[in-house]
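One file, target_35.tsv, is given below (TSV, C-alpha atoms).
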```
chain	number	residue	atom	x	y	z
A	12	MET	CA	-8.74	6.75	-17.25
A	13	LEU	CA	-5.57	5.85	-15.36
A	14	LEU	CA	-4.54	2.38	-14.17
A	15	THR	CA	-2.65	2.52	-10.86
A	16	VAL	CA	-0.75	-0.55	-9.67
A	17	ASP	CA	0.64	-1.11	-6.17
A	18	ILE	CA	2.83	-4.23	-6.30
A	19	GLY	CA	3.48	-5.39	-2.76
A	20	ASN	CA	5.25	-8.45	-1.42
A	21	THR	CA	1.99	-10.25	-0.67
A	22	ALA	CA	-0.64	-8.69	-2.93
A	23	THR	CA	-0.88	-6.53	-6.03
A	24	THR	CA	-3.65	-3.94	-5.76
A	25	CYS	CA	-4.94	-2.09	-8.81
A	26	GLY	CA	-7.22	0.90	-9.14
A	27	VAL	CA	-8.65	2.69	-12.16
A	28	PHE	CA	-9.19	6.43	-11.72
A	29	GLU	CA	-11.30	8.64	-13.91
A	30	LYS	CA	-9.99	12.05	-14.98
A	31	ASP	CA	-11.70	13.79	-12.05
A	32	GLY	CA	-9.93	11.51	-9.57
A	33	GLN	CA	-12.88	9.24	-8.83
A	34	LEU	CA	-11.95	5.61	-8.22
A	35	LYS	CA	-13.93	3.60	-10.78
A	36	ALA	CA	-12.48	0.13	-10.23
A	37	LEU	CA	-10.56	-1.63	-7.47
A	38	PHE	CA	-9.19	-5.19	-7.47
A	39	SER	CA	-6.27	-7.17	-6.10
A	40	PHE	CA	-4.59	-10.53	-6.48
A	41	LYS	CA	-1.65	-12.38	-5.02
A	42	THR	CA	1.69	-11.02	-6.21
A	43	TYR	CA	3.44	-13.50	-8.46
A	44	VAL	CA	6.10	-13.56	-11.16
A	45	PRO	CA	4.33	-14.37	-14.47
A	46	VAL	CA	5.95	-16.53	-17.12
A	47	SER	CA	5.19	-13.98	-19.82
A	48	GLY	CA	3.71	-10.56	-20.44
A	49	GLU	CA	0.78	-12.25	-22.18
A	50	GLU	CA	-0.11	-14.12	-18.99
A	51	LEU	CA	-0.23	-10.90	-16.99
A	52	LEU	CA	-2.17	-9.19	-19.77
A	53	VAL	CA	-4.87	-11.88	-19.70
A	54	LYS	CA	-5.22	-11.58	-15.91
A	55	LEU	CA	-5.49	-7.80	-16.11
A	56	LYS	CA	-8.12	-7.99	-18.86
A	57	ALA	CA	-10.23	-10.40	-16.82
A	58	TYR	CA	-10.43	-7.94	-13.93
A	59	LEU	CA	-11.08	-4.91	-16.13
A	60	ASP	CA	-13.87	-6.81	-17.89
A	61	LEU	CA	-15.69	-7.07	-14.56
A	62	TYR	CA	-15.92	-3.27	-14.53
A	63	GLN	CA	-16.59	-3.03	-18.28
A	64	ILE	CA	-13.35	-1.11	-18.84
A	65	GLU	CA	-11.53	-1.55	-22.13
A	66	PHE	CA	-7.79	-1.24	-22.61
A	67	LYS	CA	-8.28	1.62	-25.08
A	68	GLU	CA	-9.89	3.72	-22.33
A	69	LEU	CA	-6.69	3.70	-20.26
A	70	GLU	CA	-4.50	6.76	-20.64
A	71	GLY	CA	-1.51	5.18	-18.96
A	72	ILE	CA	-0.19	3.14	-16.02
A	73	SER	CA	1.29	4.45	-12.77
A	74	ILE	CA	3.18	1.82	-10.76
A	75	ALA	CA	4.70	1.48	-7.30
A	76	CYS	CA	6.64	-1.76	-6.90
A	77	VAL	CA	8.68	-3.33	-4.10
A	78	VAL	CA	9.16	-6.66	-5.95
A	79	PRO	CA	11.69	-5.89	-8.73
A	80	PRO	CA	11.31	-9.19	-10.71
A	81	VAL	CA	7.63	-8.41	-11.29
A	82	LEU	CA	8.10	-4.83	-12.44
A	83	ASN	CA	9.58	-5.71	-15.83
A	84	TRP	CA	6.49	-7.68	-16.81
A	85	TRP	CA	4.17	-4.80	-15.95
A	86	VAL	CA	6.33	-2.41	-17.97
A	87	GLU	CA	6.21	-4.81	-20.94
A	88	VAL	CA	2.41	-5.07	-20.67
A	89	GLY	CA	2.07	-1.30	-20.63
A	90	LYS	CA	4.54	-0.37	-23.31
A	91	ARG	CA	4.46	-3.36	-25.63
A	92	TRP	CA	0.94	-4.76	-25.44
A	93	LEU	CA	-1.11	-1.72	-24.47
A	94	ALA	CA	1.09	0.95	-26.07
A	95	LYS	CA	0.57	3.14	-23.00
A	96	GLU	CA	2.88	5.41	-21.07
A	97	VAL	CA	4.20	3.76	-17.92
A	98	LEU	CA	5.24	5.90	-14.94
A	99	ILE	CA	7.26	4.18	-12.22
A	100	ALA	CA	7.32	5.69	-8.74
A	101	ASN	CA	10.76	6.09	-7.15
A	102	HIS	CA	12.83	8.70	-5.33
A	103	GLU	CA	13.49	10.51	-8.62
A	104	THR	CA	9.94	10.63	-9.99
A	105	VAL	CA	8.06	11.35	-6.76
A	106	ASN	CA	8.61	15.07	-6.37
A	107	ILE	CA	8.68	15.58	-2.61
A	108	PRO	CA	11.60	16.82	-0.47
A	109	LEU	CA	13.45	13.91	1.17
A	110	ASP	CA	15.41	14.29	4.39
A	111	LEU	CA	17.15	10.91	4.13
A	112	LEU	CA	20.69	9.58	4.12
A	113	TYR	CA	20.07	7.28	1.14
A	114	PRO	CA	16.96	8.32	-0.82
A	115	CYS	CA	17.33	5.45	-3.30
A	116	GLU	CA	16.59	2.94	-0.52
A	117	VAL	CA	13.10	4.12	0.37
A	118	GLY	CA	10.22	2.00	-0.97
A	119	ALA	CA	8.06	3.40	-3.75
A	120	ASP	CA	4.89	2.66	-1.78
A	121	ARG	CA	6.15	4.77	1.13
A	122	LEU	CA	6.94	7.68	-1.19
A	123	VAL	CA	3.54	7.71	-2.86
A	124	ASN	CA	1.87	7.38	0.55
A	125	ALA	CA	3.73	10.49	1.63
A	126	LEU	CA	2.79	12.31	-1.57
A	127	ALA	CA	-0.90	11.46	-1.17
A	128	GLY	CA	-0.87	12.25	2.53
A	129	TRP	CA	0.58	15.70	1.98
A	130	LYS	CA	-1.77	16.44	-0.94
A	131	LYS	CA	-4.83	15.43	1.06
A	132	TYR	CA	-4.05	16.72	4.55
A	133	GLN	CA	-1.57	19.58	4.02
A	134	GLY	CA	0.04	19.23	7.42
A	135	PRO	CA	2.39	17.13	9.55
A	136	LEU	CA	1.58	13.43	9.29
A	137	ILE	CA	2.47	9.98	10.47
A	138	ILE	CA	1.25	7.38	7.98
A	139	VAL	CA	1.07	3.78	9.20
A	140	ASP	CA	0.78	1.24	6.37
A	141	PHE	CA	-0.30	-2.22	7.54
A	142	GLY	CA	1.00	-4.47	4.79
A	143	THR	CA	3.46	-7.35	4.64
A	144	ALA	CA	5.62	-5.04	6.73
A	145	ILE	CA	4.26	-2.26	8.93
A	146	THR	CA	5.79	1.02	7.78
A	147	PHE	CA	5.68	4.32	9.61
A	148	ASP	CA	6.31	7.41	7.49
A	149	CYS	CA	6.73	10.92	8.87
A	150	ILE	CA	5.96	14.10	6.92
A	151	SER	CA	6.83	17.50	8.36
A	152	SER	CA	4.63	20.58	8.56
A	153	THR	CA	6.36	21.86	5.41
A	154	GLY	CA	5.85	18.66	3.39
A	155	VAL	CA	9.31	17.14	3.86
A	156	TYR	CA	9.54	13.35	4.03
A	157	LEU	CA	11.53	12.77	7.22
A	158	GLY	CA	11.84	8.98	7.20
A	159	GLY	CA	10.22	6.64	9.70
A	160	ALA	CA	10.28	3.07	10.92
A	161	ILE	CA	9.72	-0.45	9.60
A	162	ALA	CA	8.43	-3.40	11.63
A	163	PRO	CA	7.53	-6.96	10.62
A	164	GLY	CA	3.92	-7.23	9.54
A	165	ILE	CA	1.33	-9.48	11.07
A	166	PHE	CA	1.36	-11.96	8.15
A	167	ILE	CA	5.13	-12.41	8.35
A	168	SER	CA	4.91	-12.99	12.07
A	169	THR	CA	2.00	-15.41	11.88
A	170	GLU	CA	3.67	-17.47	9.15
A	171	ALA	CA	6.86	-17.69	11.22
A	172	LEU	CA	4.79	-18.70	14.24
A	173	PHE	CA	2.91	-21.42	12.39
A	174	LYS	CA	6.02	-22.79	10.68
A	175	GLY	CA	8.07	-22.74	13.88
A	176	THR	CA	5.57	-24.49	16.12
A	177	ALA	CA	4.02	-27.95	15.92
A	178	LYS	CA	0.51	-27.37	17.24
A	179	LEU	CA	-0.52	-23.74	16.75
A	180	PRO	CA	-3.28	-23.41	14.11
A	181	LYS	CA	-3.87	-20.69	11.55
A	182	ILE	CA	-6.61	-18.27	12.56
A	183	ASP	CA	-9.16	-15.88	11.07
A	184	LEU	CA	-8.13	-12.36	12.07
A	185	SER	CA	-11.43	-10.88	10.90
A	186	GLU	CA	-13.05	-12.11	14.13
A	187	PRO	CA	-11.42	-10.05	16.89
A	188	PRO	CA	-10.73	-11.30	20.42
A	189	SER	CA	-13.26	-10.28	23.05
A	190	GLN	CA	-10.56	-9.83	25.71
A	191	ALA	CA	-6.80	-9.93	26.15
A	192	ILE	CA	-6.86	-13.05	28.34
A	193	GLY	CA	-7.37	-15.88	25.90
A	194	LYS	CA	-9.32	-18.85	27.24
A	195	ASP	CA	-8.24	-21.20	24.43
A	196	THR	CA	-5.46	-21.37	21.85
A	197	ILE	CA	-7.39	-19.50	19.15
A	198	SER	CA	-8.38	-16.59	21.38
A	199	ALA	CA	-4.86	-16.44	22.83
A	200	LEU	CA	-3.38	-16.18	19.34
A	201	LYS	CA	-5.83	-13.46	18.34
A	202	SER	CA	-5.01	-11.51	21.47
A	203	GLY	CA	-1.27	-11.80	20.97
A	204	LEU	CA	-1.40	-10.86	17.31
A	205	LEU	CA	-4.05	-8.14	17.13
A	206	ILE	CA	-3.66	-6.52	20.54
A	207	GLY	CA	0.10	-7.14	20.51
A	208	PHE	CA	0.65	-5.48	17.12
A	209	ALA	CA	-1.65	-2.64	18.11
A	210	GLY	CA	0.61	-2.06	21.11
A	211	LEU	CA	3.70	-2.08	18.89
A	212	THR	CA	1.99	0.46	16.64
A	213	ASP	CA	1.01	2.78	19.47
A	214	ALA	CA	4.47	2.66	21.05
A	215	LEU	CA	6.21	3.58	17.81
A	216	VAL	CA	3.69	6.29	16.91
A	217	LYS	CA	4.10	7.92	20.33
A	218	LYS	CA	7.89	7.93	19.97
A	219	LEU	CA	7.72	9.37	16.43
A	220	PHE	CA	5.19	11.92	17.67
A	221	GLU	CA	7.64	13.08	20.35
A	222	GLU	CA	10.54	13.40	17.91
A	223	MET	CA	8.51	15.29	15.30
A	224	GLY	CA	7.21	17.78	17.86
A	225	SER	CA	4.62	19.23	15.51
A	226	ASN	CA	1.36	17.54	16.55
A	227	PRO	CA	1.06	15.35	13.44
A	228	LYS	CA	-2.14	13.70	12.28
A	229	VAL	CA	-1.91	9.90	12.38
A	230	ILE	CA	-3.40	8.04	9.39
A	231	ALA	CA	-3.52	4.30	8.67
A	232	THR	CA	-3.70	2.50	5.35
A	233	GLY	CA	-3.00	-0.99	4.02
A	234	GLY	CA	-4.98	-4.19	3.80
A	235	LEU	CA	-4.78	-5.12	7.48
A	236	ALA	CA	-5.60	-1.67	8.86
A	237	LYS	CA	-9.27	-2.46	9.41
A	238	PHE	CA	-8.35	-5.40	11.68
A	239	LEU	CA	-5.68	-3.66	13.76
A	240	VAL	CA	-6.78	-0.03	14.05
A	241	PRO	CA	-9.73	-0.77	16.38
A	242	PHE	CA	-7.20	-1.92	18.98
A	243	THR	CA	-4.95	1.14	18.71
A	244	THR	CA	-5.28	4.41	20.60
A	245	THR	CA	-3.12	6.69	18.43
A	246	ILE	CA	-4.54	6.29	14.92
A	247	GLU	CA	-7.19	8.84	13.99
A	248	LYS	CA	-8.40	7.59	10.62
A	249	ILE	CA	-8.15	4.78	8.07
A	250	ASP	CA	-7.50	5.99	4.53
A	251	PRO	CA	-7.70	2.70	2.60
A	252	TYR	CA	-6.77	3.88	-0.91
A	253	LEU	CA	-3.91	6.22	0.01
A	254	THR	CA	-1.23	4.39	-2.02
A	255	LEU	CA	-3.34	4.25	-5.17
A	256	GLU	CA	-4.29	7.91	-4.74
A	257	GLY	CA	-0.61	8.73	-4.45
A	258	LEU	CA	-0.01	7.04	-7.81
A	259	TYR	CA	-2.86	9.10	-9.28
A	260	PHE	CA	-1.37	12.33	-7.88
A	261	LEU	CA	2.04	11.32	-9.24
A	262	TRP	CA	0.58	10.87	-12.72
A	263	LYS	CA	-1.21	14.22	-12.59
A	264	ALA	CA	1.96	15.98	-11.41
A	265	ARG	CA	3.86	14.83	-14.50
A	266	LEU	CA	1.48	16.89	-16.65
A	267	LYS	CA	2.50	20.17	-15.01
```

Could you spell out this file's structure in structure tokens?
Amino acid sequence: MLLTVDIGNTATTCGVFEKDGQLKALFSFKTYVPVSGEELLVKLKAYLDLYQIEFKELEGISIACVVPPVLNWWVEVGKRWLAKEVLIANHETVNIPLDLLYPCEVGADRLVNALAGWKKYQGPLIIVDFGTAITFDCISSTGVYLGGAIAPGIFISTEALFKGTAKLPKIDLSEPPSQAIGKDTISALKSGLLIGFAGLTDALVKKLFEEMGSNPKVIATGGLAKFLVPFTTTIEKIDPYLTLEGLYFLWKARLK
């Protein structure tokens, strides 16, 4: 089995894939910088125990990371404590054509999203990843990563809003607003955040759509997709495990 690890700014999401590509285990926890490799190892073991997966069953670890201080600890866990091969996603290891000015700047999560998107859909794509930031990634009809756009995510914006105001409360985004006109502070916040970010998403997707000119399929992924996509008009499908699947495809590609 393969352990895939998507280390984001807010959360670290892990998946364990069987050899046939089936996702056997899925878990996540808040991204943090551990004090030692042993600490991270204990946390990982606790989650794997829930699925009755032993370390010896893991063939290796495939990692996408946008938080550099955390990456070293995961590499130590893999190589030192588990004695497993560790594959790190970046512009050199993810084998897709890049039409970018500075390939080294693109996030590993965006690259593996593009890899998975092309493998799964084999056509022009716009992938919208609703994470700490909202990223928009464009893949051409020939599988070339064209670039995209980055916008602040809903969590970043809500935290700034709560810290910068004296009376606005934190809200539960899992309960959507019933209308755009909020009748109290909570419903007004939900409207502004969910409907507002959906509007941002649709506007950017439509502009990217025009520039690509190839009738791309629009796919969403990321932890907040299920809350925001119902308010959008441009997104066709939620593919929740796209990043982890990209890490699985990256691992399989290294065997060829």

**Study point:** Given all atoms listed in the file as the counted atoms, nearest of A:Val88, A:Leu59, A:Leu235, A:Val44 to Phe208 (chain A)
**Key:**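 The closest residue to Phe208 (chain A) is A:Leu235.
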
**Study point:** Given only C-alpha atoms as the counted atoms, nearest of A:Lys41, A:Lys248, A:Lys130, A:Arg91 to Asn106 (chain A)
**Key:**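 Result for the nearest residue to Asn106 (chain A): A:Lys130.
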
Point to revise | Neighbour list for Ile137 (chain A) as number ranges by chain, cut-off 12 Å, all atoms listed in the file, skip fewer than 5 positions in-chain | key: A: 121, 124-125, 128-129, 132, 146-152, 154-160, 212-213, 215-232, 245-248

Review point. Contacts of Asp120 (chain A) at 8 Å or less, counting only C-alpha atoms, minus same-chain residues fewer than 3 places along, as a list in words?
Key: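 Final neighbour list, sorted by chain and number: Asp17, Ala75, Cys76, Val77, Ala100, Val123, Asn124 and Thr254 of chain A.
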
Using all atoms listed in the file, what residues lie at most 9 Å away from (2.9, -2.6, -10.7) (file coordinates), given as a CSV table (one decimal) with C-alpha atoms, in the frame of the given file?
```csv
chain,number,residue,atom,x,y,z
A,15,THR,CA,-2.6,2.5,-10.9
A,16,VAL,CA,-0.8,-0.6,-9.7
A,17,ASP,CA,0.6,-1.1,-6.2
A,18,ILE,CA,2.8,-4.2,-6.3
A,19,GLY,CA,3.5,-5.4,-2.8
A,23,THR,CA,-0.9,-6.5,-6.0
A,24,THR,CA,-3.6,-3.9,-5.8
A,25,CYS,CA,-4.9,-2.1,-8.8
A,72,ILE,CA,-0.2,3.1,-16.0
A,73,SER,CA,1.3,4.4,-12.8
A,74,ILE,CA,3.2,1.8,-10.8
A,75,ALA,CA,4.7,1.5,-7.3
A,76,CYS,CA,6.6,-1.8,-6.9
A,77,VAL,CA,8.7,-3.3,-4.1
A,78,VAL,CA,9.2,-6.7,-6.0
A,81,VAL,CA,7.6,-8.4,-11.3
A,82,LEU,CA,8.1,-4.8,-12.4
A,83,ASN,CA,9.6,-5.7,-15.8
A,84,TRP,CA,6.5,-7.7,-16.8
A,85,TRP,CA,4.2,-4.8,-16.0
A,86,VAL,CA,6.3,-2.4,-18.0
A,99,ILE,CA,7.3,4.2,-12.2
```

Practice item. Would you list the contacts of Val105 (chain A) as a PyMOL selection string, taking every protein, DNA or RNA residue within 10 Å and counting all atoms listed in the file, but skipping same-chain residues closer than 4 positions in sequence? Key: chain A and resi 99-101+109+119+122-123+125-126+257-258+260-262+264-265

Point to revise | Closest of A:Pro79, A:Pro45, A:Gly210, A:Pro188 to Thr243 (chain A) - atom-to-atom distances counting all atoms listed in the file | key: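 Checking each candidate against Thr243 (chain A), we get A:Gly210 as the closest.
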
Review point. Distance CA of Leu61 (chain A)-CA of Lys35 (chain A), one decimal place?
Key: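 Value for the CA of Leu61 (chain A)-CA of Lys35 (chain A) distance: 11.5 Å.
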
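Note that the spacing between CA of Leu239 (chain A) and CA of Ser202 (chain A) amounts to 11.0 Å.
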
**Study point:** One-decimal distance in Å that lies between CA of Leu14 (chain A) and CA of Lys95 (chain A)
**Key:** 10.2 Å

**Study point:** Counting all atoms listed in the file, the option among A:Leu13, A:Val139, A:Ala199, A:Leu51 closest to Ile64 (chain A)
**Key:** A:Leu13
